[in-house]
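Enquirer: Before we start, here is the structure in question, set down as C-alpha cells.
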Amino acid sequence: MKLLKCVVRPNALEKVKGALSALGVMGMTVSEVKGYGRQKGHKEVYRGAEYNIDFTPKLQIEVVVGEAIAERAIDAVKEAANTGNIGDGKIFVVPVDQVVRIRTGEMGESAI
Amino acid sequence: MRSSPHSVATAGRGTRSRLGYVVIGLACWFVPDVARADGLDSGDTAWMLTSTALVLFMTIPGLSLFYGGLVRSKNVLSVLMQCFALTAMMTLIWILWGYSLAFDTTGMEANVLGLHSFVGGLDKALLRGVGIDSLTGTVPETVFVTFQMTFAIITPALIAGAFAERMKFSAMMLFMSLWTTIVYAPICHMAWSGDGAFFWDKGVLDFAGGTVVHVNAGIAALVTAVLLGKRRGYPDTVIPPHSLVLTVVGASMLWVGWFGFNAGSALAANGAAGMAMLVTQVATASAALAWMLVEWMKHGKPSVLGIVTGAVAGLVAITPASGSVGPLGAIAIGLASGCLCFWGATSLKQKLGYDDSLDAFGVHGIGGIVGALMTGVFVAESLGGTGLAEGMTIGSQLKAQVVAVLFTVVYCGVLSFIILKVVDGLVGLRVAEDEEDRGLDISLHNEQGYYSEV
C-alpha cells in the first residue's frame with residue numbers, strides 16, 4: 001500500500017478527485033496548507049504597508065491506494081494537477097505498513 | 001451678534017451647534033422643573049431619540065468591528081472589550097460629572113473670559129435639575145444628555161485604535177476616565193456650551209465635533225502611540241488585519257450611524273439636519289473614491305481596506321462642516337481628506353516611525369484638522385455654504401478655526417501626555433512581553449475570539 005501526499009493548487013481539487021474516483025479510489029483526506037517551493041510568494045498591501053507573503057495557499061490531498069493501482073493513481077494526479085507552470089505542486093509517495101478500519105477491525109488493503 | 005434664536009435660525013441655525021443657540025432667548029432654560037411642555041417639539045424629539053441610538057450604534061458595534069477586524073485574531077476580543085467597557089464607563093462618568101463639566105453654564109457671560117469659558121461648573125453633577133420636564137431647546141434635556149453622552153463614549157473609543165494590541169486594560173480604563181474629565185469635557189464646553197465659552201465667543205464653527213471629537217481623539221491617539229512605543233515586531237514582521245470582512249461591516253455601520261452624529265447635531269428635525277445628512281453622504285463618498293484612486297495609482301490596486309478607510313476619513317472631515325457647507329464644499333472636503341489621510345496613515349506614519357496601530361491619528365487627527373480648517377472656507381455663501389456670520393470674512397473665520405485647532409492640539413497633547421505619565425507611574429501602561437506575544441485576549445481576558453475544538 002502507498003500513501004500519496006499530493007500538494008496541489010487549490011483549484012485542482014475537483015479534477016484530481018475526479019481522476020482518482022475514475023480509478024476506483026473510494027476516499028481521501030484534504031487539508032488547506034501553506035508552503036513554498038520554487039514558486040515565489042506574493043505581495044499584500046494594507047494601508048500602504050507592503051508585506052511579502054512567502055507562503056502560498058495549497059491543498060494537500062492524502063490518499064492511500066493498493067499496490068495494484070499505485071502507479072496509475074500517481075499518473076492520474078500528475079495529469080489532473082498539471083498546468084505546466086511553476087507552483088503545480090508535488091506528490092510524495094510513502095509506503096504504508098498497515099491500515100485498520102476502526103468500525104470493523106478489518107486490516108490491510110480491504111480496509112482502505 | 002446672535003441676539004435671538006430666530007436670527008440664528010435664518011442666518012444659519014445650522015452653522016452653530018449644540019447648546020449655544022438654544023440658550024439664546026431661553027435664559028432660564030436650565031432652571032429645573034419649570035413646566036415648559038409647550039416648548040417641546042415632538043418631531044425634533046423623535047429625531048433626536050433616533051440620532052442618539054444611531055450614535056451609540058457607531059461605537060457598539062460599528063467602531064468595535066471596524067477596529068476588531070484590523071487587529072490580529074489573538075487580540076480581537078481585547079479591542080471589542082475596550083469599546084464595550086468604555087461605553088459603560090463613559091455613561092456613568094457623564095451622569096456623575098461629565099455632563100456638568102461640559103454643559104453647565106453657570107457664571108458664563110458672552111465675550112467675558114473666565115474659568116467657565118473653559119470648563120463648566122458642578123451645578124449639574126449627578127444630573128441635578130434634569131427632570132422629565134426640563135428642555136434643551138425643543139427637546140427634553142434627558143434626550144440632550146443622552147445624545148451628548150454617546151459622543152463622550154465614541155471619542156475615547158476612537159483613541160483605542162492607536163494603542164491596540166499592547167496596552168493594559170486597567171491602564172486604559174484609568175487613562176480614559178481621567179482624559180474624559182480633564183480633556184474631553186472642557187473642549188466640549190469651550191465649543192458647545194454657548195455664550196461665554198472660549199471657542200464659541202470666537203465664532204468657531206464646529207457643528208458636530210471636528211475639534212471636540214476628532215482632533216481631540218487624534219492628538220491623544222498620537223501621544224499614546226508614541227509613549228507606549230511600537231508593538232513587538234513592528235514594522236518588520238507581518239501584522240495584517242485578521243478580518244477585513246469585520247472591518248467593512250464596521251465601517252458601513254459607522255457610515256450609517258454618522259447620520260445621527262451629524263444630522264442629529266442640528267438638535268432638530270429641520271433644514272439644517274437635512275443638509276447635514278446630504279453633505280455627510282457626499283463627503284464620505286468623495287473621500288472613499290479619493291483614497292481608492294490615490295492608492296490605485298500608488299500601489300497598483302484599489303483595496304477594500306483603502307476605500308473603507310477613505311470613507312471614514314470623509315466622515316471625520318465633514319463632521320465640523322456639516323452644518324456650514326453645501327454639497328460643493330462637501331466634495332472638496334471629501335477629496336482633500338481622502339488624499340491627506342492617505343498620506344497621514346501611510347507616508348507620514350512610516351516617515352516618523354510611530355506605531356499608530358489602526359491609524360487613529362492618521363484618520364481622525366488629520367481628517368479632523370482638514371475638516372475644521374476647510375469649514376472656515378466653504379461656509380462662505382459664494383462657495384455654496386450657509387454663509388459667514390455677520391462681520392466675519394473667510395480670513396477671519398479661518399483664523400478662528402486655526403485658533404481652535406491649535407488650542408485643542410496643544411491642550412489635548414500636553415494633558416494627554418501628563419495623564420499617561422501619571423497612569424504609567426500608577427499601574428504601568430504596557431502589558432508584559434509574553435502577554436503581548438500570547439495576545440491580549442488570552443492574557444488579559446482568559447478568552448479567545450475564535451474557539452477551536454482542537
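Residue numbering restarts at 1 in every chain; chains get A, B, ... in the order shown in the C-alpha cells, and ligands count up from 1 in that same order.
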Using only C-alpha atoms, find the residues of chain B whose closest atom to chain A is at most 8 Å away, then write them as a list in words.
Expert: Val238, Pro240, Pro241, Glu295, His299, Leu305, Gly306, Phe342, Ala345, Thr346 and Ser347 of chain B
Enquirer: Determine which residues of segment 218-300 of chain B receive a DSSP assignment of helix (DSSP H, G or I), computed from the backbone, and state them as an MDAnalysis selection string.
Expert: chainID B and resid 218:228 244:266 271:299
Enquirer: Name all residues at most 8 Å from Asp104 of chain B (count only C-alpha atoms; drop same-chain ones fewer than 5 positions away) and give them as a list in words.
Expert: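 Listed by chain and then number, they are Tyr99, Gly120, Gly121, Leu122, Asp123, Lys124 and Ser193 of chain B.
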Enquirer: For the residues in that selection, give me N, CA and C atoms as a PDB file, in the first residue's frame.
Expert:
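Result file is result_25.pdb:
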```pdb
ATOM      1  N   TYR B  99     -21.257  65.522  32.147  1.00  0.00           N
ATOM      2  CA  TYR B  99     -22.237  66.418  31.516  1.00  0.00           C
ATOM      3  C   TYR B  99     -22.165  67.810  32.137  1.00  0.00           C
ATOM      4  N   GLY B 120     -17.217  73.790  32.521  1.00  0.00           N
ATOM      5  CA  GLY B 120     -18.455  74.044  33.235  1.00  0.00           C
ATOM      6  C   GLY B 120     -18.289  73.806  34.726  1.00  0.00           C
ATOM      7  N   GLY B 121     -19.247  74.271  35.507  1.00  0.00           N
ATOM      8  CA  GLY B 121     -19.220  74.047  36.953  1.00  0.00           C
ATOM      9  C   GLY B 121     -19.802  72.689  37.285  1.00  0.00           C
ATOM     10  N   LEU B 122     -20.055  72.497  38.581  1.00  0.00           N
ATOM     11  CA  LEU B 122     -20.578  71.203  39.006  1.00  0.00           C
ATOM     12  C   LEU B 122     -22.062  71.271  39.378  1.00  0.00           C
ATOM     13  N   ASP B 123     -22.726  72.361  38.946  1.00  0.00           N
ATOM     14  CA  ASP B 123     -24.136  72.521  39.318  1.00  0.00           C
ATOM     15  C   ASP B 123     -25.022  71.415  38.768  1.00  0.00           C
ATOM     16  N   LYS B 124     -24.584  70.807  37.679  1.00  0.00           N
ATOM     17  CA  LYS B 124     -25.402  69.742  37.088  1.00  0.00           C
ATOM     18  C   LYS B 124     -24.835  68.351  37.361  1.00  0.00           C
ATOM     19  N   SER B 193     -20.974  75.108  24.623  1.00  0.00           N
ATOM     20  CA  SER B 193     -21.872  75.476  25.727  1.00  0.00           C
ATOM     21  C   SER B 193     -22.463  76.877  25.558  1.00  0.00           C
TER      22      SER B 193
END
```
Enquirer: Skip segment 55-70 of chain A itself and residues of its chain fewer than 6 positions away, then list as a PyMOL selection string all residues within 6 Å of it, counting only C-alpha atoms.
Expert: chain A and resi 1-10+28-36+41
Enquirer: As a PyMOL selection string, please: all residues of chain A that backbone DSSP puts in strand (DSSP E).
Expert: chain A and resi 2-8+29-35+42-46+49-53+56-65+89-95
Enquirer: For N, CA and C atoms, I'd like the residues from the last selection saved as a CSV table (one decimal), in the first residue's frame.
Expert:
```
chain,number,residue,atom,x,y,z
A,2,LYS,N,0.3,2.3,-0.6
A,2,LYS,CA,1.1,3.5,-0.7
A,2,LYS,C,0.2,4.7,-0.3
A,3,LEU,N,0.9,5.6,0.5
A,3,LEU,CA,0.2,6.9,0.8
A,3,LEU,C,0.7,7.9,-0.2
A,4,LEU,N,-0.2,8.6,-0.9
A,4,LEU,CA,0.1,9.7,-1.8
A,4,LEU,C,-0.2,11.0,-1.1
A,5,LYS,N,0.8,11.7,-0.8
A,5,LYS,CA,0.6,13.1,-0.2
A,5,LYS,C,0.7,14.0,-1.4
A,6,CYS,N,-0.4,14.6,-1.9
A,6,CYS,CA,-0.3,15.4,-3.1
A,6,CYS,C,-0.6,16.9,-2.7
A,7,VAL,N,0.5,17.7,-2.8
A,7,VAL,CA,0.3,19.1,-2.6
A,7,VAL,C,0.0,19.8,-3.9
A,8,VAL,N,-1.2,20.4,-4.0
A,8,VAL,CA,-1.6,20.9,-5.4
A,8,VAL,C,-2.2,22.3,-5.2
A,29,THR,N,-8.4,12.4,2.2
A,29,THR,CA,-8.4,13.5,3.2
A,29,THR,C,-7.8,14.7,2.6
A,30,VAL,N,-8.5,15.9,2.8
A,30,VAL,CA,-8.0,17.1,2.2
A,30,VAL,C,-7.8,18.1,3.3
A,31,SER,N,-6.6,18.8,3.2
A,31,SER,CA,-6.4,19.9,4.2
A,31,SER,C,-5.9,21.1,3.4
A,32,GLU,N,-6.2,22.3,4.0
A,32,GLU,CA,-5.7,23.5,3.5
A,32,GLU,C,-4.3,23.7,4.1
A,33,VAL,N,-3.3,23.9,3.3
A,33,VAL,CA,-2.0,24.1,3.8
A,33,VAL,C,-1.3,25.3,3.2
A,34,LYS,N,-0.2,25.8,3.7
A,34,LYS,CA,0.5,26.8,3.1
A,34,LYS,C,2.0,26.4,3.0
A,35,GLY,N,2.7,26.9,2.0
A,35,GLY,CA,4.1,26.5,1.9
A,35,GLY,C,4.7,27.2,0.8
A,42,HIS,N,3.7,36.2,-2.7
A,42,HIS,CA,3.0,37.3,-3.3
A,42,HIS,C,3.1,38.5,-2.3
A,43,LYS,N,2.6,39.7,-2.9
A,43,LYS,CA,2.7,40.9,-2.1
A,43,LYS,C,1.3,41.2,-1.6
A,44,GLU,N,1.2,41.7,-0.3
A,44,GLU,CA,-0.1,42.2,0.2
A,44,GLU,C,0.2,43.6,0.7
A,45,VAL,N,-0.8,44.5,0.5
A,45,VAL,CA,-0.6,45.9,0.9
A,45,VAL,C,-1.8,46.3,1.8
A,46,TYR,N,-1.5,46.7,3.0
A,46,TYR,CA,-2.5,47.2,4.0
A,46,TYR,C,-2.2,48.6,4.4
A,49,ALA,N,1.3,49.7,3.8
A,49,ALA,CA,2.4,48.8,4.3
A,49,ALA,C,2.5,47.6,3.4
A,50,GLU,N,3.6,47.4,2.8
A,50,GLU,CA,3.7,46.2,1.9
A,50,GLU,C,4.3,45.1,2.6
A,51,TYR,N,3.7,43.9,2.5
A,51,TYR,CA,4.2,42.7,3.1
A,51,TYR,C,4.5,41.7,2.0
A,52,ASN,N,5.6,41.1,2.0
A,52,ASN,CA,5.9,39.9,1.1
A,52,ASN,C,5.5,38.7,1.8
A,53,ILE,N,4.5,38.0,1.3
A,53,ILE,CA,4.0,36.8,1.9
A,53,ILE,C,4.6,35.6,1.2
A,56,THR,N,2.4,30.3,0.1
A,56,THR,CA,1.3,30.3,-0.8
A,56,THR,C,0.3,29.2,-0.4
A,57,PRO,N,-1.0,29.5,-0.4
A,57,PRO,CA,-2.0,28.5,-0.1
A,57,PRO,C,-2.1,27.4,-1.1
A,58,LYS,N,-2.1,26.2,-0.5
A,58,LYS,CA,-2.2,25.0,-1.4
A,58,LYS,C,-3.2,24.0,-0.7
A,59,LEU,N,-3.6,23.0,-1.4
A,59,LEU,CA,-4.3,21.9,-0.8
A,59,LEU,C,-3.5,20.7,-0.7
A,60,GLN,N,-3.6,20.0,0.4
A,60,GLN,CA,-2.8,18.7,0.5
A,60,GLN,C,-3.9,17.6,0.5
A,61,ILE,N,-3.8,16.7,-0.5
A,61,ILE,CA,-4.7,15.6,-0.6
A,61,ILE,C,-4.0,14.3,-0.2
A,62,GLU,N,-4.5,13.7,0.8
A,62,GLU,CA,-3.9,12.4,1.2
A,62,GLU,C,-4.8,11.3,0.8
A,63,VAL,N,-4.2,10.3,0.2
A,63,VAL,CA,-5.0,9.2,-0.3
A,63,VAL,C,-4.1,7.9,-0.2
A,64,VAL,N,-4.7,6.8,0.3
A,64,VAL,CA,-4.0,5.5,0.4
A,64,VAL,C,-4.5,4.6,-0.7
A,65,VAL,N,-3.6,4.0,-1.4
A,65,VAL,CA,-4.1,3.1,-2.5
A,65,VAL,C,-3.3,1.8,-2.4
A,89,GLY,N,2.9,22.0,-7.7
A,89,GLY,CA,2.9,21.2,-6.5
A,89,GLY,C,3.7,19.9,-6.6
A,90,LYS,N,3.6,19.0,-5.7
A,90,LYS,CA,4.4,17.8,-5.6
A,90,LYS,C,3.5,16.6,-5.1
A,91,ILE,N,4.0,15.4,-5.5
A,91,ILE,CA,3.4,14.2,-4.9
A,91,ILE,C,4.5,13.5,-4.1
A,92,PHE,N,4.2,13.2,-2.9
A,92,PHE,CA,5.1,12.4,-2.0
A,92,PHE,C,4.5,11.0,-1.9
A,93,VAL,N,5.3,10.0,-2.2
A,93,VAL,CA,4.8,8.7,-2.2
A,93,VAL,C,5.5,8.0,-1.0
A,94,VAL,N,4.7,7.4,-0.1
A,94,VAL,CA,5.2,6.9,1.2
A,94,VAL,C,4.6,5.5,1.3
A,95,PRO,N,5.5,4.5,1.6
A,95,PRO,CA,5.0,3.1,1.9
A,95,PRO,C,4.1,3.1,3.2
```
Enquirer: Applying 6 Å and only C-alpha atoms, which residues near Val204 of chain B remain after dropping the ones on its own chain fewer than 4 positions away? List them as a ChimeraX atom specification.
Expert: /B:199-200,400-401
Enquirer: Restricting it to C-alpha atoms, dump the selection as a short mmCIF file (atom, residue, chain, number, x, y, z; two decimals), in the first residue's frame.
Expert:
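Wrote out-v4.cif, looks like this:
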```
data_model
loop_
_atom_site.label_atom_id
_atom_site.label_comp_id
_atom_site.auth_asym_id
_atom_site.auth_seq_id
_atom_site.Cartn_x
_atom_site.Cartn_y
_atom_site.Cartn_z
CA PHE B 199 -14.37 78.76 21.10
CA TRP B 200 -17.98 79.89 20.85
CA ALA B 400 -10.91 81.35 14.36
CA GLN B 401 -10.75 77.77 13.10
#
```
Enquirer: Can you tell me which residues surround segment 73-85 of chain A at a distance of at most 6 Å, considering only C-alpha atoms, apart from same-chain residues fewer than 6 positions away, and format the answer as a list of chain:residue names?
Expert: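 Within the cut-off, the hits are A:Ala12, A:Lys15, A:Val16, A:Ala19.
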